>>> print(open('protein_37.cif').read())   # mmCIF, C-alpha atoms
data_target
loop_
_atom_site.label_atom_id
_atom_site.label_comp_id
_atom_site.auth_asym_id
_atom_site.auth_seq_id
_atom_site.Cartn_x
_atom_site.Cartn_y
_atom_site.Cartn_z
CA MET A 1 63.87 8.43 -35.36
CA ARG A 2 60.26 7.50 -36.01
CA ASN A 3 60.42 4.94 -33.24
CA ILE A 4 61.68 7.59 -30.81
CA ILE A 5 58.95 10.03 -31.82
CA GLY A 6 56.36 7.29 -31.50
CA LEU A 7 57.65 6.37 -28.06
CA LEU A 8 57.53 10.00 -26.94
CA PHE A 9 53.97 10.26 -28.22
CA VAL A 10 52.91 7.20 -26.28
CA VAL A 11 54.56 8.53 -23.11
CA ALA A 12 52.86 11.90 -23.57
CA VAL A 13 49.47 10.26 -23.98
CA MET A 14 50.04 8.13 -20.89
CA ILE A 15 50.94 11.21 -18.81
CA VAL A 16 48.60 13.85 -20.23
CA GLY A 17 45.65 11.60 -21.07
CA PRO A 18 44.66 10.72 -17.51
CA ILE A 19 44.95 14.38 -16.45
CA VAL A 20 42.67 15.53 -19.27
CA LEU A 21 40.22 12.73 -18.52
CA ALA A 22 40.23 13.55 -14.82
CA ARG A 23 39.54 17.22 -15.50
CA HIS A 24 36.71 16.29 -17.85
CA MET A 25 35.15 13.98 -15.25
CA LEU A 26 35.42 16.65 -12.55
CA ALA A 27 33.81 19.22 -14.82
CA GLN A 28 30.96 16.86 -15.68
CA GLY A 29 30.47 15.47 -12.21
CA ARG A 30 30.88 18.55 -10.03
CA THR A 31 27.14 19.03 -9.49
CA ASP A 32 25.94 15.46 -9.98
CA ALA A 33 28.49 13.18 -8.31
CA PHE A 34 27.03 11.27 -5.40
CA LEU A 35 28.53 8.49 -3.31
CA ALA A 36 26.40 7.01 -0.57
CA ASP A 37 29.15 6.78 2.04
CA GLN A 38 31.44 9.67 1.11
CA PRO A 39 31.33 13.40 1.94
CA ASN A 40 31.31 14.05 -1.82
CA TYR A 41 32.75 17.55 -1.80
CA LEU A 42 32.82 17.66 -5.62
CA ALA A 43 29.03 17.98 -5.50
CA HIS A 44 29.34 21.28 -3.63
CA THR A 45 28.79 24.57 -5.39
CA PRO A 46 29.85 28.07 -4.37
CA PRO A 47 27.04 30.46 -3.42
CA PRO A 48 25.99 33.05 -6.01
CA LYS A 49 27.65 36.46 -5.98
CA LYS A 50 24.41 38.15 -5.00
CA VAL A 51 22.12 37.00 -2.23
CA LYS A 52 20.12 34.65 -4.41
CA MET A 53 19.64 30.93 -4.24
CA THR A 54 19.84 28.39 -7.02
CA PRO A 55 16.49 27.69 -8.74
CA LYS A 56 15.93 24.55 -6.64
CA LEU A 57 16.55 26.38 -3.37
CA ALA A 58 14.52 29.35 -4.58
CA ARG A 59 11.51 27.04 -4.74
CA LEU A 60 12.10 26.18 -1.10
CA LEU A 61 12.01 29.85 -0.16
CA LYS A 62 8.47 30.14 -1.49
CA LYS A 63 7.23 27.49 0.93
CA GLU A 64 6.66 27.52 4.64
CA MET A 65 9.87 25.93 5.85
CA HIS A 66 8.10 23.59 8.25
CA ALA A 67 6.20 22.09 5.30
CA VAL A 68 9.32 21.15 3.35
CA GLU A 69 9.83 17.41 2.98
CA ALA A 70 11.75 16.78 -0.25
CA VAL A 71 14.95 18.83 -0.23
CA PRO A 72 17.15 19.24 -3.34
CA ARG A 73 20.76 18.05 -3.26
CA VAL A 74 22.32 21.50 -3.46
CA PHE A 75 25.35 21.66 -1.18
CA LEU A 76 26.82 25.16 -1.02
CA THR A 77 30.43 25.50 0.06
CA ARG A 78 29.71 28.50 2.27
CA LEU A 79 26.99 30.92 3.27
CA PRO A 80 26.02 33.80 0.95
CA GLU A 81 28.36 36.74 1.54
CA GLY A 82 25.55 39.28 1.53
CA LEU A 83 23.55 37.54 4.26
CA PRO A 84 24.57 40.06 6.98
CA GLU A 85 23.20 42.89 4.82
CA VAL A 86 19.73 41.36 4.44
CA ASN A 87 17.45 43.55 6.56
CA ASP A 88 14.30 41.47 6.29
CA ALA A 89 14.54 39.04 9.22
CA ASN A 90 12.23 36.43 7.70
CA ARG A 91 14.10 36.43 4.38
CA LYS A 92 17.42 36.15 6.20
CA LYS A 93 16.16 33.14 8.15
CA ARG A 94 14.87 31.48 4.99
CA LEU A 95 18.13 32.05 3.14
CA PHE A 96 20.08 30.62 6.06
CA THR A 97 17.77 27.63 6.50
CA SER A 98 17.59 26.88 2.78
CA THR A 99 21.38 26.92 2.55
CA LEU A 100 22.02 24.81 5.62
CA LEU A 101 19.17 22.27 5.56
CA PRO A 102 20.58 20.19 2.66
CA ILE A 103 23.98 20.17 4.39
CA VAL A 104 22.50 18.91 7.67
CA LEU A 105 20.52 16.21 5.87
CA ARG A 106 23.65 15.15 3.96
CA ALA A 107 25.65 14.87 7.18
CA ASN A 108 22.91 12.67 8.63
CA GLU A 109 22.92 10.54 5.48
CA LEU A 110 26.60 9.83 6.04
CA ILE A 111 25.91 8.87 9.65
CA ILE A 112 23.12 6.53 8.52
CA ALA A 113 25.52 4.98 6.01
CA ASP A 114 28.02 4.38 8.81
CA ARG A 115 25.31 2.81 10.96
CA GLY A 116 24.38 0.48 8.12
CA ARG A 117 27.98 -0.60 7.74
CA LEU A 118 28.30 -1.16 11.48
CA LEU A 119 25.18 -3.34 11.49
CA THR A 120 26.58 -5.39 8.62
CA LEU A 121 29.85 -5.96 10.47
CA ARG A 122 27.97 -6.81 13.65
CA THR A 123 26.12 -9.56 11.80
CA LYS A 124 29.42 -10.93 10.53
CA LEU A 125 30.84 -11.03 14.05
CA GLU A 126 27.71 -12.73 15.36
CA ASN A 127 28.09 -15.39 12.66
CA GLN A 128 31.80 -15.69 13.47
CA GLU A 129 32.75 -14.62 9.96
CA PRO A 130 36.24 -13.10 9.60
CA LEU A 131 36.40 -9.40 8.84
CA LYS A 132 38.25 -8.25 5.75
CA ARG A 133 41.36 -6.10 6.11
CA ALA A 134 39.50 -3.02 4.82
CA GLU A 135 36.68 -3.62 7.29
CA LYS A 136 39.11 -3.86 10.20
CA LYS A 137 40.83 -0.68 9.07
CA TRP A 138 37.51 1.15 8.87
CA LEU A 139 36.50 -0.08 12.32
CA ARG A 140 39.81 1.10 13.78
CA GLN A 141 39.17 4.55 12.33
CA MET A 142 35.64 4.60 13.75
CA ALA A 143 36.99 3.47 17.11
CA LYS A 144 39.51 6.32 17.06
CA THR A 145 36.92 8.90 16.03
CA TYR A 146 34.37 7.86 18.66
CA ARG A 147 36.92 7.06 21.36
CA LEU A 148 36.47 3.34 21.68
CA LYS A 149 39.51 1.92 23.48
CA ARG A 150 39.58 -1.39 21.62
CA ARG A 151 41.40 -1.07 18.28
CA GLN A 152 41.59 -4.76 17.30
CA ASP A 153 39.80 -8.09 17.87
CA PHE A 154 36.47 -6.28 17.78
CA ARG A 155 33.43 -7.85 19.43
CA THR A 156 29.70 -7.32 19.05
CA LYS A 157 29.65 -5.19 22.21
CA ASP A 158 32.16 -2.84 20.55
CA ILE A 159 29.83 -2.45 17.58
CA ASP A 160 26.97 -1.76 20.00
CA PHE A 161 29.09 0.95 21.66
CA LEU A 162 29.66 2.57 18.28
CA LEU A 163 26.00 2.29 17.25
CA TYR A 164 25.09 4.08 20.48
CA LYS A 165 27.27 7.01 19.48
CA VAL A 166 27.02 6.98 15.69
CA ASP A 167 23.51 8.32 15.22
CA VAL A 168 21.69 11.25 13.64
CA ILE A 169 21.18 14.74 15.02
CA PRO A 170 17.68 16.13 14.33
CA PRO A 171 17.77 18.91 11.69
CA SER A 172 15.72 21.23 13.91
CA LEU A 173 18.34 21.01 16.64
CA ALA A 174 21.30 21.52 14.29
CA LEU A 175 19.62 24.48 12.59
CA ALA A 176 18.58 26.11 15.87
CA GLN A 177 22.07 25.80 17.34
CA ALA A 178 23.69 27.07 14.15
CA ALA A 179 21.27 30.02 14.13
CA MET A 180 22.03 30.77 17.76
CA GLU A 181 25.81 30.45 17.49
CA SER A 182 26.16 32.29 14.15
CA GLY A 183 23.41 34.89 14.33
CA TRP A 184 21.56 33.17 11.45
CA GLY A 185 24.80 33.02 9.47
CA THR A 186 25.81 36.67 9.89
CA SER A 187 28.69 36.36 12.35
CA ARG A 188 32.28 36.98 11.32
CA PHE A 189 33.18 33.39 12.18
CA ALA A 190 30.39 31.97 10.02
CA GLN A 191 31.15 34.21 7.07
CA ALA A 192 34.93 33.95 7.16
CA GLY A 193 35.42 30.37 8.30
CA ASN A 194 32.17 28.41 7.99
CA ALA A 195 32.24 28.30 11.79
CA LEU A 196 28.57 27.74 12.57
CA PHE A 197 28.70 26.21 16.04
CA GLY A 198 31.39 28.12 17.94
CA GLU A 199 33.72 25.14 18.44
CA TRP A 200 37.00 25.99 20.18
CA VAL A 201 40.45 24.78 19.15
CA TRP A 202 43.97 25.38 20.43
CA GLY A 203 47.53 25.23 19.17
CA ASP A 204 48.17 24.87 15.45
CA ALA A 205 44.60 23.89 14.52
CA GLU A 206 42.87 26.04 11.89
CA GLY A 207 40.81 28.75 13.52
CA LEU A 208 39.86 32.42 13.80
CA LEU A 209 40.94 34.62 16.69
CA PRO A 210 38.03 36.02 18.74
CA GLU A 211 38.19 39.82 18.81
CA ASN A 212 37.24 40.07 22.49
CA ARG A 213 39.04 36.99 23.80
CA ASP A 214 39.62 37.20 27.56
CA GLU A 215 43.17 37.87 28.67
CA GLY A 216 45.10 34.69 29.28
CA LYS A 217 42.95 32.53 27.01
CA THR A 218 44.53 30.99 23.93
CA HIS A 219 41.60 29.35 22.12
CA LYS A 220 40.46 30.03 18.56
CA ILE A 221 37.15 29.40 16.84
CA LYS A 222 37.51 26.34 14.64
CA SER A 223 37.21 27.14 10.92
CA PHE A 224 36.32 24.88 8.00
CA GLU A 225 36.75 24.78 4.25
CA TYR A 226 33.21 23.55 3.64
CA LEU A 227 29.89 23.97 5.42
CA LEU A 228 29.59 20.19 5.46
CA ASP A 229 32.86 19.96 7.41
CA SER A 230 31.44 22.31 10.02
CA VAL A 231 28.20 20.36 10.41
CA ARG A 232 29.96 16.99 10.55
CA SER A 233 32.38 18.25 13.21
CA TYR A 234 29.45 19.53 15.29
CA MET A 235 27.63 16.22 15.02
CA THR A 236 30.75 14.25 15.93
CA ASN A 237 31.20 16.50 18.95
CA LEU A 238 27.66 15.79 20.19
CA ASN A 239 28.11 12.09 19.47
CA ARG A 240 31.30 11.54 21.43
CA HIS A 241 31.95 14.28 24.00
CA PRO A 242 31.28 13.25 27.63
CA SER A 243 29.26 16.44 28.20
CA TYR A 244 26.52 15.18 25.88
CA GLU A 245 26.03 11.70 27.29
CA ASP A 246 22.49 12.65 28.34
CA LEU A 247 21.67 13.57 24.75
CA ARG A 248 22.90 10.21 23.48
CA GLN A 249 20.96 8.39 26.18
CA ARG A 250 17.74 10.25 25.36
CA ARG A 251 18.22 9.49 21.67
CA ALA A 252 18.85 5.78 22.33
CA GLU A 253 15.70 5.58 24.45
CA LEU A 254 13.63 7.20 21.70
CA ARG A 255 15.07 4.80 19.12
CA GLU A 256 14.39 1.79 21.34
CA LEU A 257 10.77 2.90 21.81
CA ASN A 258 10.44 3.61 18.08
CA ILE A 259 9.63 7.25 18.79
CA GLY A 260 10.77 10.00 16.44
CA ILE A 261 14.08 11.64 17.31
CA THR A 262 13.33 15.36 17.44
CA GLY A 263 15.22 18.48 18.32
CA ALA A 264 12.73 19.41 21.03
CA ALA A 265 13.26 16.02 22.69
CA LEU A 266 17.06 16.28 22.72
CA ALA A 267 17.54 20.00 23.40
CA PRO A 268 17.14 19.74 27.20
CA ALA A 269 20.29 17.58 27.25
CA LEU A 270 22.41 20.51 26.01
CA VAL A 271 22.79 22.30 29.34
CA HIS A 272 26.57 21.89 29.09
CA TYR A 273 26.87 23.27 25.55
CA SER A 274 26.98 26.83 26.86
CA GLU A 275 27.92 28.50 30.11
CA ARG A 276 24.35 29.84 30.10
CA GLY A 277 23.08 26.34 30.88
CA ALA A 278 19.28 26.15 31.17
CA ASP A 279 18.84 29.60 29.61
CA TYR A 280 20.70 28.39 26.52
CA VAL A 281 18.39 25.37 26.27
CA SER A 282 15.36 27.64 26.64
CA ASP A 283 16.59 29.83 23.78
CA ILE A 284 17.21 26.81 21.53
CA LEU A 285 13.69 25.53 22.18
CA SER A 286 12.30 29.01 21.47
CA ILE A 287 14.09 29.14 18.11
CA ILE A 288 12.76 25.69 17.20
CA ASN A 289 9.19 26.52 18.20
CA TYR A 290 8.97 30.10 16.93
CA ASN A 291 10.39 29.18 13.50
CA ASP A 292 8.55 25.85 13.15
CA LEU A 293 11.88 24.06 12.71
CA ASP A 294 10.50 20.88 14.25
CA GLY A 295 8.67 20.24 10.97
CA LEU A 296 12.05 19.75 9.27
CA ASP A 297 12.91 16.69 11.35
CA GLY A 298 11.03 14.61 8.79
CA ALA A 299 12.69 16.20 5.74
CA ARG A 300 14.72 14.05 3.37
CA LEU A 301 17.01 14.75 0.44
CA VAL A 302 15.44 13.95 -2.90
CA ALA A 303 16.80 11.11 -5.01
CA GLN A 304 19.87 12.02 -7.03
CA ASN A 305 18.08 12.25 -10.36
CA SER A 306 14.89 13.88 -9.09
#
>>> encode(input="protein_37.cif", output="structure tokens")
Amino acid sequence: MRNIIGLLFVVAVMIVGPIVLARHMLAQGRTDAFLADQPNYLAHTPPPKKVKMTPKLARLLKKEMHAVEAVPRVFLTRLPEGLPEVNDANRKKRLFTSTLLPIVLRANELIIADRGRLLTLRTKLENQEPLKRAEKKWLRQMAKTYRLKRRQDFRTKDIDFLLYKVDVIPPSLALAQAAMESGWGTSRFAQAGNALFGEWVWGDAEGLLPENRDEGKTHKIKSFEYLLDSVRSYMTNLNRHPSYEDLRQRRAELRELNIGITGAALAPALVHYSERGADYVSDILSIINYNDLDGLDGARLVAQNS
């Protein structure tokens, strides 16, 4: 009987123990976990009930946003619910920017991590070193995401194709477009579905129905669980869609000339982002210039333990 009880105890420990340990690790790591090449959603925190920022973001609000360089790693899951009720336009803009800036910088960090991995694999191919199974699998996924036709027997020119597409989007451009498309975070789509950039989807994809959708149209506005998902989807769209080839070309030229990649430099290539064409570009540039967003193109996330 004792042996049976002992066996049951061991089984219980084996089943329950890992669950308890996992919960403990999640509880301890929810705000501190950081992996260089992962989205790291456990590090996200929900916004406060009232329209207040965390202490770290509150310090940002006291500064001129264009002067911000070191940005805390505070990744909110969604925009503050009370943002549409904030009447002070400047405060609303600062709340929106302070919420979204760390997310944009994090999305760019992930892109930079992918670029680093691509460069490493390119060197291996140049040296005729065999790629590991995991490396091939990762390359196939990147090829699928960025619409590279080759899915096996990769060559250096395939890596170059991916490096051309897998590159950062200037924070000033991302923030200006998000502000334009979401009304500085006050739109129904932004509040209900983290839909910051007005991306369309069809069929069974997750999305919100536009209230004034034209008769005969079947699209929805793509929704997301996390703000980071929304920003990453937007960046992937700019990095692979044929309509934004001019943007990628401008960016590649700036990189080749070792010139800073800024929102003002890339914005003119967004004439196809909206049916408004050149007027849309003009408005994006106005938002960047009027709100000094170009100063954020040099911002970086602080080290994890800072």
>>> residues_around(input="protein_37.cif", residues="Phe75 in chain A", least_positions_apart="5", cutoff="7 Å", atoms="all atoms listed in the file", output="VMD selection string")
chain A and resid 43 to 45 102 to 103
>>> resolve_selection(input="protein_37.cif", expression="the PyMOL selection byres ((chain A and resi 169-175) around 9)", output="ChimeraX atom specification")
/A:96-97,100-101,104-105,108,167-168,176-180,184,197,231,234-235,238-239,251,261-264,266-267,284-285,288,292-299
>>> atom_distance(input="protein_37.cif", atom1="CA of Leu79 in chain A", atom2="CA of Gly185 in chain A")
6.9 Å
>>> resolve_selection(input="protein_37.cif", expression="the PyMOL selection byres ((chain A and resi 228) around 9)", output="list in words")
Pro39, Tyr41, Phe75, Leu76, Thr77, Arg78, Leu100, Ile103, Val104, Arg106, Ala107, Asn194, Phe224, Glu225, Tyr226, Leu227, Asp229, Ser230, Val231, Arg232 and Ser233 of chain A
>>> atom_distance(input="protein_37.cif", atom1="CA of Lys132 in chain A", atom2="CA of Lys157 in chain A")
18.8 Å
>>> atom_distance(input="protein_37.cif", atom1="CA of His241 in chain A", atom2="CA of Glu181 in chain A")
18.5 Å
>>> closest_residue(input="protein_37.cif", among="A:Arg255, A:Arg122, A:Arg250, A:Arg73", to="Glu109 in chain A", atoms="only C-alpha atoms")
A:Arg73
>>> resolve_selection(input="protein_37.cif", expression="the PyMOL selection byres ((chain A and resi 119) around 12)", output="list in words")
Ile112, Ala113, Asp114, Arg115, Gly116, Arg117, Leu118, Thr120, Leu121, Arg122, Thr123, Lys124, Leu125, Glu126, Leu139, Thr156, Lys157, Asp158, Ile159, Asp160, Phe161, Leu162, Leu163, Tyr164 and Val166 of chain A
>>> residues_near_point(input="protein_37.cif", point="(23.1, 38.7, 15.3)", cutoff="12 Å", atoms="all atoms listed in the file", output="PyMOL selection string")
chain A and resi 83-87+89+92-93+178-190
>>> closest_residue(input="protein_37.cif", among="A:Asp88, A:Glu245, A:Glu135, A:Glu256", to="Val271 in chain A", atoms="all atoms listed in the file")
A:Glu245
>>> closest_residue(input="protein_37.cif", among="A:Pro268, A:Phe154, A:Arg140, A:Arg147", to="Gln128 in chain A", atoms="only C-alpha atoms")
A:Phe154
>>> axis_aligned_box(input="protein_37.cif", around="range 169-186 of chain A", padding_each_side="4 Å", output="AutoDock Vina command-line options")
--center_x 20.9 --center_y 25.7 --center_z 13.6 --size_x 18.4 --size_y 29.9 --size_z 16.3
>>> closest_residue(input="protein_37.cif", among="A:His272, A:Lys136, A:Arg300, A:Ser286", to="Pro242 in chain A", atoms="all atoms listed in the file")
A:His272
